[in-house]
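Structure data follow from data_27.tsv (TSV, C-alpha atoms):
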```tsv
chain	number	residue	atom	x	y	z
A	1160	MET	CA	117.97	138.91	106.04
A	1161	PHE	CA	119.02	135.85	103.98
A	1162	TYR	CA	122.58	136.12	105.31
A	1163	VAL	CA	121.33	136.46	108.90
A	1164	VAL	CA	119.27	133.27	108.54
A	1165	GLN	CA	122.23	131.44	106.99
A	1166	SER	CA	124.47	132.61	109.83
A	1167	LEU	CA	122.00	131.38	112.46
A	1168	LEU	CA	121.76	128.00	110.75
A	1169	LYS	CA	125.52	127.65	110.85
A	1170	MET	CA	125.59	128.47	114.57
A	1171	LYS	CA	123.24	125.60	115.39
A	1172	LYS	CA	124.64	122.12	115.92
A	1173	ASN	CA	123.75	119.59	113.23
A	1174	ILE	CA	122.01	116.57	114.75
A	1175	ALA	CA	121.63	113.36	112.73
A	1176	VAL	CA	118.70	111.14	113.70
A	1177	VAL	CA	120.08	107.83	112.47
A	1178	TYR	CA	117.65	105.03	111.64
A	1179	GLY	CA	117.15	101.94	109.49
A	1180	GLY	CA	119.68	99.17	109.93
A	1181	ASP	CA	120.05	95.64	108.63
A	1182	SER	CA	117.62	93.61	110.72
A	1183	SER	CA	113.91	92.82	110.74
A	1184	GLU	CA	113.45	95.80	113.04
A	1185	PHE	CA	113.97	98.29	110.19
A	1186	VAL	CA	110.27	99.23	110.14
A	1187	VAL	CA	110.23	99.84	113.91
A	1188	SER	CA	113.33	102.00	113.59
A	1189	VAL	CA	111.61	104.17	110.99
A	1190	LYS	CA	108.75	104.83	113.42
A	1191	SER	CA	111.10	105.54	116.32
A	1192	SER	CA	113.14	107.98	114.25
A	1193	LYS	CA	110.06	109.92	113.24
A	1194	ASN	CA	109.10	110.56	116.86
A	1195	VAL	CA	112.67	111.44	117.87
A	1196	PHE	CA	113.07	113.75	114.85
A	1197	GLU	CA	109.85	115.58	115.68
A	1198	SER	CA	110.78	115.85	119.38
A	1199	ILE	CA	114.22	117.46	119.05
A	1200	ASP	CA	113.77	121.24	119.16
A	1201	PRO	CA	114.44	122.74	115.69
A	1202	ALA	CA	114.82	126.16	117.28
A	1203	ILE	CA	117.98	124.91	119.00
A	1204	TYR	CA	119.36	122.38	116.51
A	1205	ASN	CA	119.45	121.64	112.80
A	1206	VAL	CA	117.90	118.18	112.78
A	1207	TRP	CA	118.48	115.81	109.86
A	1208	LYS	CA	117.26	112.31	109.06
A	1209	VAL	CA	119.94	109.79	108.11
A	1210	GLN	CA	118.78	106.41	106.83
A	1211	MET	CA	121.22	103.51	106.85
A	1212	LYS	CA	120.70	100.27	104.96
A	1213	GLY	CA	123.82	98.25	104.31
A	1214	LEU	CA	126.36	100.55	102.67
A	1215	ASP	CA	123.68	103.04	101.62
A	1216	TRP	CA	123.76	105.97	104.05
A	1217	ASP	CA	121.51	108.80	102.90
A	1218	VAL	CA	120.24	112.12	104.20
A	1219	LEU	CA	116.49	112.47	103.70
A	1220	GLU	CA	114.25	115.51	103.67
A	1221	ASN	CA	110.47	115.10	103.35
A	1222	ASP	CA	111.12	111.38	102.79
A	1223	GLN	CA	113.28	112.11	99.74
A	1224	VAL	CA	117.01	111.44	99.50
A	1225	ILE	CA	118.87	114.75	99.17
A	1226	ALA	CA	122.45	113.57	99.63
A	1227	ALA	CA	124.69	110.61	100.39
A	1228	VAL	CA	126.65	110.60	103.63
A	1229	ASP	CA	130.42	110.90	103.30
A	1230	LYS	CA	131.51	108.01	105.52
A	1231	SER	CA	135.05	109.36	105.87
A	1232	ASP	CA	133.88	111.99	108.36
A	1233	PHE	CA	130.07	111.63	108.64
A	1234	SER	CA	129.15	114.72	106.63
A	1235	PHE	CA	127.21	115.54	103.45
A	1236	ARG	CA	127.04	118.24	100.83
A	1237	ARG	CA	124.02	120.37	100.06
A	1238	ASN	CA	123.89	123.17	97.49
A	1239	GLY	CA	127.66	122.98	97.22
A	1240	GLU	CA	128.17	123.41	100.96
A	1241	LYS	CA	129.64	120.78	103.25
A	1242	ILE	CA	127.50	120.10	106.32
A	1243	GLN	CA	129.29	118.34	109.17
A	1244	PHE	CA	127.20	116.42	111.69
A	1245	ASP	CA	127.99	117.28	115.31
A	1246	PHE	CA	126.01	114.53	116.98
A	1247	ALA	CA	124.25	111.25	116.10
A	1248	TYR	CA	121.02	110.23	117.79
A	1249	ILE	CA	120.92	106.50	117.08
A	1250	THR	CA	117.45	104.97	116.68
A	1251	ILE	CA	118.51	101.78	114.90
A	1252	HIS	CA	117.10	98.69	116.63
A	1253	GLY	CA	119.28	95.67	115.91
A	1254	THR	CA	122.48	95.66	113.89
A	1255	PRO	CA	124.48	97.86	113.35
A	1256	GLY	CA	123.05	100.43	115.76
A	1257	GLU	CA	122.42	98.31	118.84
A	1258	ASP	CA	125.33	95.86	118.78
A	1259	GLY	CA	128.23	98.32	118.95
A	1260	LYS	CA	129.30	98.32	115.29
A	1261	LEU	CA	127.99	101.80	114.51
A	1262	GLN	CA	129.31	103.11	117.82
A	1263	GLY	CA	132.78	101.94	116.80
A	1264	TYR	CA	132.50	103.93	113.57
A	1265	PHE	CA	131.43	107.08	115.41
A	1266	ASP	CA	134.30	106.66	117.87
A	1267	LEU	CA	136.71	106.49	114.93
A	1268	VAL	CA	135.40	109.67	113.27
A	1269	LYS	CA	135.00	111.35	116.67
A	1270	ILE	CA	131.25	112.04	116.49
A	1271	PRO	CA	129.44	111.93	119.85
A	1272	TYR	CA	126.30	109.80	119.97
A	1273	SER	CA	123.30	109.04	122.14
A	1274	THR	CA	123.73	105.41	123.15
A	1275	CYS	CA	125.97	103.03	125.05
A	1276	GLY	CA	129.52	102.63	123.79
A	1277	VAL	CA	131.00	99.75	121.80
A	1278	TYR	CA	131.63	97.30	124.64
A	1279	SER	CA	128.39	97.96	126.49
A	1280	SER	CA	126.32	97.72	123.30
A	1281	ALA	CA	127.99	94.47	122.25
A	1282	LEU	CA	127.51	92.94	125.70
A	1283	THR	CA	123.86	93.86	126.15
A	1284	PHE	CA	122.89	92.96	122.57
A	1285	ASN	CA	124.03	89.39	123.12
A	1286	LYS	CA	121.42	88.09	125.54
A	1287	TYR	CA	123.47	85.04	126.53
A	1288	PHE	CA	126.65	87.01	127.27
A	1289	CYS	CA	124.75	89.71	129.16
A	1290	SER	CA	122.78	87.25	131.28
A	1291	ASN	CA	125.83	85.21	132.22
A	1292	TYR	CA	127.76	88.37	133.06
A	1293	LEU	CA	124.97	89.64	135.33
A	1294	ARG	CA	124.63	86.25	137.07
A	1295	ASN	CA	128.02	87.00	138.65
A	1296	PHE	CA	126.36	89.87	140.50
A	1297	ASP	CA	123.45	87.75	141.79
A	1298	VAL	CA	120.89	89.23	139.37
A	1299	LEU	CA	117.95	86.81	139.25
A	1300	MET	CA	116.94	85.44	135.84
A	1301	ALA	CA	115.61	82.38	134.07
A	1302	LYS	CA	117.82	79.39	133.20
A	1303	SER	CA	118.78	79.24	129.54
A	1304	VAL	CA	120.60	77.06	127.00
A	1305	ARG	CA	122.41	78.45	123.95
A	1306	LEU	CA	122.41	76.64	120.61
A	1307	PHE	CA	124.04	77.30	117.24
A	1308	LYS	CA	122.93	76.40	113.74
A	1309	GLY	CA	123.82	72.78	113.10
A	1310	ASP	CA	123.87	71.77	116.77
A	1311	GLN	CA	122.29	68.45	117.69
A	1312	VAL	CA	119.07	69.05	119.62
A	1313	ASP	CA	117.95	66.68	122.37
A	1314	ALA	CA	114.38	67.83	122.98
A	1315	ASP	CA	113.87	65.52	125.96
A	1316	GLN	CA	117.01	66.77	127.69
A	1317	LEU	CA	116.08	70.43	127.10
A	1318	ILE	CA	112.60	69.92	128.47
A	1319	ALA	CA	113.94	67.98	131.47
A	1320	GLU	CA	116.32	70.85	132.23
A	1321	LEU	CA	114.05	73.84	131.53
A	1322	GLY	CA	110.52	72.44	131.77
A	1323	LEU	CA	107.46	73.38	129.75
A	1324	PRO	CA	106.38	75.86	128.63
A	1325	LEU	CA	109.67	77.42	127.54
A	1326	PHE	CA	110.75	80.24	125.25
A	1327	VAL	CA	112.84	79.96	122.11
A	1328	LYS	CA	114.33	83.27	120.96
A	1329	PRO	CA	117.17	84.68	118.84
A	1330	ASN	CA	120.22	85.44	120.96
A	1331	ALA	CA	120.73	88.74	119.13
A	1332	GLY	CA	117.56	90.54	118.13
A	1333	GLY	CA	114.58	92.51	119.32
A	1334	SER	CA	110.91	93.42	118.90
A	1335	SER	CA	110.16	89.73	119.60
A	1336	PHE	CA	110.98	88.72	116.02
A	1337	GLY	CA	111.54	84.95	115.95
A	1338	VAL	CA	110.32	84.37	119.52
A	1339	THR	CA	108.05	81.40	120.30
A	1340	LYS	CA	106.46	80.20	123.49
A	1341	VAL	CA	106.71	76.41	123.27
A	1342	LYS	CA	104.06	74.51	125.21
A	1343	GLU	CA	104.59	71.04	123.75
A	1344	LYS	CA	107.60	69.03	122.61
A	1345	SER	CA	106.15	68.83	119.08
A	1346	GLN	CA	106.42	72.64	118.71
A	1347	LEU	CA	110.13	72.83	119.51
A	1348	LEU	CA	111.65	72.13	116.07
A	1349	ALA	CA	109.57	74.78	114.28
A	1350	ALA	CA	110.39	77.29	117.02
A	1351	LEU	CA	114.12	76.62	116.63
A	1352	GLU	CA	113.94	77.13	112.86
A	1353	LEU	CA	112.03	80.40	113.27
A	1354	ALA	CA	114.58	81.79	115.75
A	1355	MET	CA	117.50	80.72	113.55
A	1356	ASN	CA	116.11	82.91	110.75
A	1357	GLU	CA	116.88	85.95	112.94
A	1358	SER	CA	120.21	85.00	114.52
A	1359	HIS	CA	122.99	82.44	114.01
A	1360	ASP	CA	122.59	81.39	117.64
A	1361	ILE	CA	119.49	81.08	119.79
A	1362	LEU	CA	118.40	80.80	123.41
A	1363	ILE	CA	116.06	78.26	124.88
A	1364	GLU	CA	114.86	79.78	128.09
A	1365	GLN	CA	112.95	78.70	131.17
A	1366	PHE	CA	109.46	80.20	131.49
A	1367	ILE	CA	108.99	82.37	134.58
A	1368	ASP	CA	105.30	82.65	135.41
A	1369	GLY	CA	104.67	86.21	136.55
A	1370	LYS	CA	103.78	89.73	135.50
A	1371	GLU	CA	106.00	91.74	133.17
A	1372	PHE	CA	107.39	95.17	134.06
A	1373	THR	CA	109.79	97.55	132.37
A	1374	CYS	CA	111.79	100.50	133.64
A	1375	GLY	CA	113.54	103.17	131.60
A	1376	LEU	CA	116.28	105.47	132.79
A	1377	VAL	CA	119.13	107.72	131.73
A	1378	LYS	CA	122.25	108.82	133.57
A	1379	LEU	CA	123.93	112.08	132.65
A	1380	SER	CA	127.17	113.54	133.92
A	1381	ASP	CA	125.33	115.53	136.59
A	1382	GLN	CA	122.09	113.67	137.22
A	1383	GLU	CA	120.22	110.36	137.12
A	1384	ILE	CA	116.66	110.26	135.77
A	1385	ILE	CA	114.79	107.02	136.48
A	1386	PHE	CA	111.43	106.91	134.75
A	1387	PRO	CA	108.16	105.58	136.19
A	1388	VAL	CA	107.72	101.82	135.87
A	1389	THR	CA	105.32	100.33	133.30
A	1390	GLU	CA	103.22	97.22	133.92
A	1391	VAL	CA	102.77	95.17	130.74
A	1392	ILE	CA	99.64	93.05	130.27
A	1393	PRO	CA	99.61	91.45	126.79
A	1394	MET	CA	96.37	90.07	125.38
A	1395	ASN	CA	98.38	87.50	123.43
A	1396	GLU	CA	100.20	84.48	124.82
A	1397	PHE	CA	103.22	86.68	125.55
A	1398	PHE	CA	104.55	90.14	124.67
A	1399	ASP	CA	105.19	89.34	120.99
A	1400	TYR	CA	105.54	91.66	117.99
A	1401	GLU	CA	101.78	92.05	117.58
A	1402	ALA	CA	101.34	92.80	121.27
A	1403	LYS	CA	104.09	95.43	121.06
A	1404	TYR	CA	102.96	97.29	117.97
A	1405	VAL	CA	99.27	96.64	117.30
A	1406	ALA	CA	96.88	98.95	119.16
A	1407	GLY	CA	94.65	97.22	121.69
A	1408	LYS	CA	96.77	94.08	121.98
A	1409	THR	CA	98.40	95.10	125.27
A	1410	ASP	CA	97.44	97.03	128.35
A	1411	GLU	CA	100.38	99.21	129.38
A	1412	ILE	CA	99.91	100.83	132.77
A	1413	THR	CA	102.25	103.66	133.78
A	1414	PRO	CA	102.94	104.07	136.66
A	1415	ALA	CA	102.68	100.36	137.40
A	1416	ARG	CA	100.20	99.10	139.99
A	1417	ILE	CA	102.83	98.12	142.54
A	1418	SER	CA	103.70	99.47	145.95
A	1419	PRO	CA	106.17	102.33	146.45
A	1420	GLU	CA	108.56	99.79	147.97
A	1421	MET	CA	108.41	97.54	144.90
A	1422	THR	CA	108.75	100.56	142.64
A	1423	ARG	CA	111.94	101.57	144.44
A	1424	LYS	CA	113.18	97.98	144.25
A	1425	ILE	CA	112.88	97.75	140.45
A	1426	GLN	CA	114.25	101.26	139.95
A	1427	GLN	CA	117.28	100.58	142.15
A	1428	LEU	CA	117.88	97.26	140.38
A	1429	SER	CA	117.65	99.01	137.00
A	1430	SER	CA	120.15	101.64	138.12
A	1431	HIS	CA	122.49	98.90	139.36
A	1432	ILE	CA	122.30	96.94	136.08
A	1433	TYR	CA	122.81	100.19	134.11
A	1434	ASP	CA	126.07	100.73	135.99
A	1435	LEU	CA	127.19	97.09	135.79
A	1436	CYS	CA	126.78	97.16	132.02
A	1437	ASP	CA	128.43	100.59	131.75
A	1438	CYS	CA	125.40	101.99	129.92
A	1439	SER	CA	124.91	105.47	128.48
A	1440	GLY	CA	121.89	107.28	127.10
A	1441	ILE	CA	118.32	106.10	127.52
A	1442	VAL	CA	118.10	102.41	128.41
A	1443	ARG	CA	115.08	100.26	129.18
A	1444	ILE	CA	115.31	97.10	131.28
A	1445	ASP	CA	112.62	94.41	131.28
A	1446	TYR	CA	111.63	92.04	134.09
A	1447	ILE	CA	109.19	89.39	135.25
A	1448	LEU	CA	107.86	89.77	138.80
A	1449	LYS	CA	107.35	86.46	140.60
A	1450	ASP	CA	106.89	85.92	144.34
A	1451	GLY	CA	108.06	89.42	145.17
A	1452	GLU	CA	111.28	89.17	143.13
A	1453	PHE	CA	112.14	90.79	139.81
A	1454	TYR	CA	113.67	88.37	137.31
A	1455	PHE	CA	115.82	90.08	134.70
A	1456	LEU	CA	114.83	89.61	131.04
A	1457	GLU	CA	116.99	91.95	128.96
A	1458	VAL	CA	118.61	95.35	128.54
A	1459	ASN	CA	117.39	97.47	125.62
A	1460	THR	CA	120.05	100.05	124.74
A	1461	THR	CA	118.15	101.57	121.80
A	1462	PRO	CA	114.60	101.11	123.10
A	1463	GLY	CA	111.56	101.83	120.97
A	1464	MET	CA	110.84	105.54	120.73
A	1465	THR	CA	107.58	105.55	118.78
A	1466	SER	CA	104.80	107.73	120.16
A	1467	THR	CA	103.28	104.65	121.86
A	1468	SER	CA	106.53	103.04	123.06
A	1469	PHE	CA	107.27	102.54	126.74
A	1470	VAL	CA	109.96	105.21	127.18
A	1471	PRO	CA	107.91	108.10	125.73
A	1472	GLN	CA	104.97	106.92	127.86
A	1473	GLN	CA	107.12	106.89	130.98
A	1474	ILE	CA	108.54	110.34	130.29
A	1475	ALA	CA	105.02	111.69	129.75
A	1476	ALA	CA	103.97	110.15	133.07
A	1477	MET	CA	106.66	112.32	134.72
A	1478	ASP	CA	105.02	115.40	133.18
A	1479	ARG	CA	108.13	115.94	131.09
A	1480	LYS	CA	108.56	116.24	127.35
A	1481	LEU	CA	110.55	113.73	125.34
A	1482	GLY	CA	112.32	116.59	123.54
A	1483	ASP	CA	113.57	118.01	126.84
A	1484	ILE	CA	115.17	114.68	127.81
A	1485	LEU	CA	116.69	114.28	124.34
A	1486	GLY	CA	118.10	117.80	124.62
A	1487	LEU	CA	119.74	116.95	127.94
A	1488	ILE	CA	121.40	113.89	126.38
A	1489	ILE	CA	122.64	115.84	123.36
A	1490	GLU	CA	124.06	118.69	125.44
A	1491	ASP	CA	125.66	116.27	127.90
A	1492	GLN	CA	127.55	114.53	125.08
A	1493	LEU	CA	128.49	117.77	123.33
A	1494	LYS	CA	130.24	119.18	126.40
```
Starting from the coordinates I provided, produce the structure as structure tokens.
Amino acid sequence: MFYVVQSLLKMKKNIAVVYGGDSSEFVVSVKSSKNVFESIDPAIYNVWKVQMKGLDWDVLENDQVIAAVDKSDFSFRRNGEKIQFDFAYITIHGTPGEDGKLQGYFDLVKIPYSTCGVYSSALTFNKYFCSNYLRNFDVLMAKSVRLFKGDQVDADQLIAELGLPLFVKPNAGGSSFGVTKVKEKSQLLAALELAMNESHDILIEQFIDGKEFTCGLVKLSDQEIIFPVTEVIPMNEFFDYEAKYVAGKTDEITPARISPEMTRKIQQLSSHIYDLCDCSGIVRIDYILKDGEFYFLEVNTTPGMTSTSFVPQQIAAMDRKLGDILGLIIEDQLK
């Protein structure tokens, strides 16, 4: 019987749920990985947790490190046996899992993975580059100005160009770390310093007064699955870190309270942006609705996957299981 069990284990594909990373979003990644790990069917796959922090890549079991990852081929050894990963489900928010760096490594060692490729990840992670790229295709969005550390700041000119209130945010980052809604000129300097702690360049962005919506989707080789739209109503000033991750700080309504026509509009726009950015895997795109038009905010190529995150909520609203969608992605990439 022991040999039969061992044989069955070897027949299953080894799936690495990769989490951690080198940004402030480490703690969010840990939560996302837990939900993804528990959702992938262990009857079909051998599912492993792989935590990455800097150069420390470790396989964990019951929250204990059991082996280091061999970076030469993305494998590890257990009880004297080499275990080769067949697929990586990336749940790192921020660098190196959302900006294309990790995807480049997996391309080199020829391990299929769950997210957008190198170029798409790099483009969408840089909010300024992505926005200016999408402007060429008449995608509506707020005006913005990009600044680097050490740049001279003319507060009066910025306010004249963008108005008040305005948003200051890291150009590369997520989970609203370092984001400030600036209502008065006197708040601008502190907001710039906070954003610079998260990224070497920042965006100062026009405020669009409207309701926030988000739409998740995934495109496979043989089908497109666009999830129900979520309406986001934060209790705070805006959808900041607390609003995202503290229970009771945001009302999240799925499906959103908009007409079928507006639902189709945001879903079609999301599908269009997905294609323009050459996305893969599950992606979530955020918008502000003002005067009947959806203003693009950002593309999230490794969106939150905690039990209360938008994408799992949207999949549940379709009467589908997260594990089933994850299985489709894995099988599509393993073909």
Best match for closeness to Ala1476 in chain A among A:Thr1413, A:Gln1426, A:Gln1311, A:Ser1358, counting all atoms listed in the file: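 Among the listed residues, the smallest separation from Ala1476 in chain A belongs to A:Thr1413.
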One number please: CA of Leu1362 in chain A to CA of Thr1389 in chain A, in Å, one decimal.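 Those two atoms sit 25.5 Å apart.
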Using all atoms listed in the file, can you tell me which of A:Ile1384, A:Ile1199, A:Ala1331, A:Ala1281 comes closest to Gly1259 in chain A?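 Checking each of A:Ile1384, A:Ile1199, A:Ala1331, A:Ala1281 against Gly1259 in chain A, counting all atoms listed in the file, the winner is A:Ala1281.
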Of the listed residues A:Ser1231, A:Asn1291, A:Asn1221, A:Thr1250, that which approaches Ala1175 in chain A most closely, counting only C-alpha atoms: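 Comparing A:Ser1231, A:Asn1291, A:Asn1221, A:Thr1250 against Ala1175 in chain A, the winner is A:Thr1250.
Among the candidates A:Leu1376, A:Leu1351, A:Met1421, A:Ile1432, the residue lying nearest to Gln1473 in chain A is A:Leu1376 (atoms considered: all atoms listed in the file).
Picture a line from CA of Pro1255 in chain A to CA of Ser1273 in chain A; it runs 14.3 Å.
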A:Gln1472, A:Gln1427, A:Thr1461, A:Ser1380: which is nearest Lys1494 in chain A, counting all atoms listed in the file?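 Looking only at the distances to Lys1494 in chain A, the closest residue turns out to be A:Ser1380.
A straight line drawn from CA of Phe1469 in chain A to CA of Pro1201 in chain A is 24.1 Å long.
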Among listed residues A:Lys1449, A:Lys1480, A:His1252, A:Lys1230, nearest Gly1463 in chain A (using only C-alpha atoms): A:His1252
Can you tell me which residues surround Ser1183 in chain A at a distance of at most 10 Å, considering only C-alpha atoms, apart from same-chain residues fewer than 2 positions away, and format the answer as an MDAnalysis selection string? chainID A and resid 1179:1181 1185:1188 1252:1254 1332:1334 1336:1337 1357
Do you know which residues are at most 8 Å from Trp1207 in chain A counting all atoms listed in the file, after dropping those on the same chain fewer than 3 positions away, and could you put them as a compact mmCIF listing (two decimals) with C-alpha atoms, keeping the file's coordinate frame?
```txt
# COMPACT_ATOMS: atom_id res chain seq x y z
CA ASN A 1173 123.75 119.59 113.23
CA ILE A 1174 122.01 116.57 114.75
CA ALA A 1175 121.63 113.36 112.73
CA VAL A 1176 118.70 111.14 113.70
CA PHE A 1196 113.07 113.75 114.85
CA VAL A 1218 120.24 112.12 104.20
CA LEU A 1219 116.49 112.47 103.70
CA GLU A 1220 114.25 115.51 103.67
```
Name the residues within 12 Å of (136.9, 114.6, 118.2), counting all atoms listed in the file in the file's coordinates, and put them as an mmCIF file with C-alpha atoms, keeping the file's coordinate frame.
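Output file result-v3.cif follows:
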```
data_model
loop_
_atom_site.group_PDB
_atom_site.id
_atom_site.type_symbol
_atom_site.label_atom_id
_atom_site.label_comp_id
_atom_site.auth_asym_id
_atom_site.auth_seq_id
_atom_site.Cartn_x
_atom_site.Cartn_y
_atom_site.Cartn_z
ATOM 1 C CA ASP A 1232 133.880 111.990 108.360
ATOM 2 C CA PHE A 1244 127.200 116.420 111.690
ATOM 3 C CA ASP A 1245 127.990 117.280 115.310
ATOM 4 C CA PHE A 1246 126.010 114.530 116.980
ATOM 5 C CA PHE A 1265 131.430 107.080 115.410
ATOM 6 C CA ASP A 1266 134.300 106.660 117.870
ATOM 7 C CA LEU A 1267 136.710 106.490 114.930
ATOM 8 C CA VAL A 1268 135.400 109.670 113.270
ATOM 9 C CA LYS A 1269 135.000 111.350 116.670
ATOM 10 C CA ILE A 1270 131.250 112.040 116.490
ATOM 11 C CA PRO A 1271 129.440 111.930 119.850
ATOM 12 C CA TYR A 1272 126.300 109.800 119.970
ATOM 13 C CA GLN A 1492 127.550 114.530 125.080
ATOM 14 C CA LEU A 1493 128.490 117.770 123.330
ATOM 15 C CA LYS A 1494 130.240 119.180 126.400
#
```
Using all atoms listed in the file, which protein or nucleic acid residues come within 12 Å of Ser1345 in chain A? Drop anything in the same chain fewer than 5 positions from it, and give the result as a list in words.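 Counting only the stated atoms, we get Ala1314, Asp1315, Ile1318, Leu1323, Pro1324, Ala1350 and Leu1351 of chain A.
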Reconstructed N, CA and C atoms for range 1303-1320 of chain A, given as an mmCIF file, keeping the file's coordinate frame:
```
data_model
loop_
_atom_site.group_PDB
_atom_site.id
_atom_site.type_symbol
_atom_site.label_atom_id
_atom_site.label_comp_id
_atom_site.auth_asym_id
_atom_site.auth_seq_id
_atom_site.Cartn_x
_atom_site.Cartn_y
_atom_site.Cartn_z
ATOM 1 N N SER A 1303 118.830 79.248 131.002
ATOM 2 C CA SER A 1303 118.780 79.240 129.540
ATOM 3 C C SER A 1303 119.863 78.334 128.974
ATOM 4 N N VAL A 1304 119.654 77.879 127.749
ATOM 5 C CA VAL A 1304 120.600 77.060 127.000
ATOM 6 C C VAL A 1304 120.818 77.736 125.658
ATOM 7 N N ARG A 1305 122.070 77.819 125.229
ATOM 8 C CA ARG A 1305 122.410 78.450 123.950
ATOM 9 C C ARG A 1305 122.729 77.381 122.909
ATOM 10 N N LEU A 1306 122.162 77.555 121.714
ATOM 11 C CA LEU A 1306 122.410 76.640 120.610
ATOM 12 C C LEU A 1306 122.832 77.400 119.372
ATOM 13 N N PHE A 1307 123.618 76.740 118.518
ATOM 14 C CA PHE A 1307 124.040 77.300 117.240
ATOM 15 C C PHE A 1307 123.425 76.505 116.101
ATOM 16 N N LYS A 1308 123.382 77.124 114.921
ATOM 17 C CA LYS A 1308 122.930 76.400 113.740
ATOM 18 C C LYS A 1308 123.788 75.155 113.549
ATOM 19 N N GLY A 1309 123.111 74.039 113.311
ATOM 20 C CA GLY A 1309 123.820 72.780 113.100
ATOM 21 C C GLY A 1309 124.016 71.960 114.345
ATOM 22 N N ASP A 1310 123.731 72.539 115.527
ATOM 23 C CA ASP A 1310 123.870 71.770 116.770
ATOM 24 C C ASP A 1310 122.838 70.641 116.820
ATOM 25 N N GLN A 1311 123.227 69.533 117.429
ATOM 26 C CA GLN A 1311 122.290 68.450 117.690
ATOM 27 C C GLN A 1311 121.342 68.882 118.815
ATOM 28 N N VAL A 1312 120.064 68.626 118.640
ATOM 29 C CA VAL A 1312 119.070 69.050 119.620
ATOM 30 C C VAL A 1312 118.459 67.816 120.285
ATOM 31 N N ASP A 1313 118.589 67.738 121.590
ATOM 32 C CA ASP A 1313 117.950 66.680 122.370
ATOM 33 C C ASP A 1313 116.758 67.296 123.074
ATOM 34 N N ALA A 1314 115.585 67.175 122.464
ATOM 35 C CA ALA A 1314 114.380 67.830 122.980
ATOM 36 C C ALA A 1314 114.053 67.350 124.393
ATOM 37 N N ASP A 1315 114.206 66.063 124.636
ATOM 38 C CA ASP A 1315 113.870 65.520 125.960
ATOM 39 C C ASP A 1315 114.770 66.098 127.043
ATOM 40 N N GLN A 1316 116.069 66.222 126.713
ATOM 41 C CA GLN A 1316 117.010 66.770 127.690
ATOM 42 C C GLN A 1316 116.708 68.243 127.978
ATOM 43 N N LEU A 1317 116.405 69.014 126.921
ATOM 44 C CA LEU A 1317 116.080 70.430 127.100
ATOM 45 C C LEU A 1317 114.850 70.606 127.979
ATOM 46 N N ILE A 1318 113.845 69.809 127.708
ATOM 47 C CA ILE A 1318 112.600 69.920 128.470
ATOM 48 C C ILE A 1318 112.812 69.474 129.921
ATOM 49 N N ALA A 1319 113.638 68.445 130.109
ATOM 50 C CA ALA A 1319 113.940 67.980 131.470
ATOM 51 C C ALA A 1319 114.662 69.071 132.253
ATOM 52 N N GLU A 1320 115.530 69.827 131.562
ATOM 53 C CA GLU A 1320 116.320 70.850 132.230
ATOM 54 C C GLU A 1320 115.543 72.143 132.467
#
```
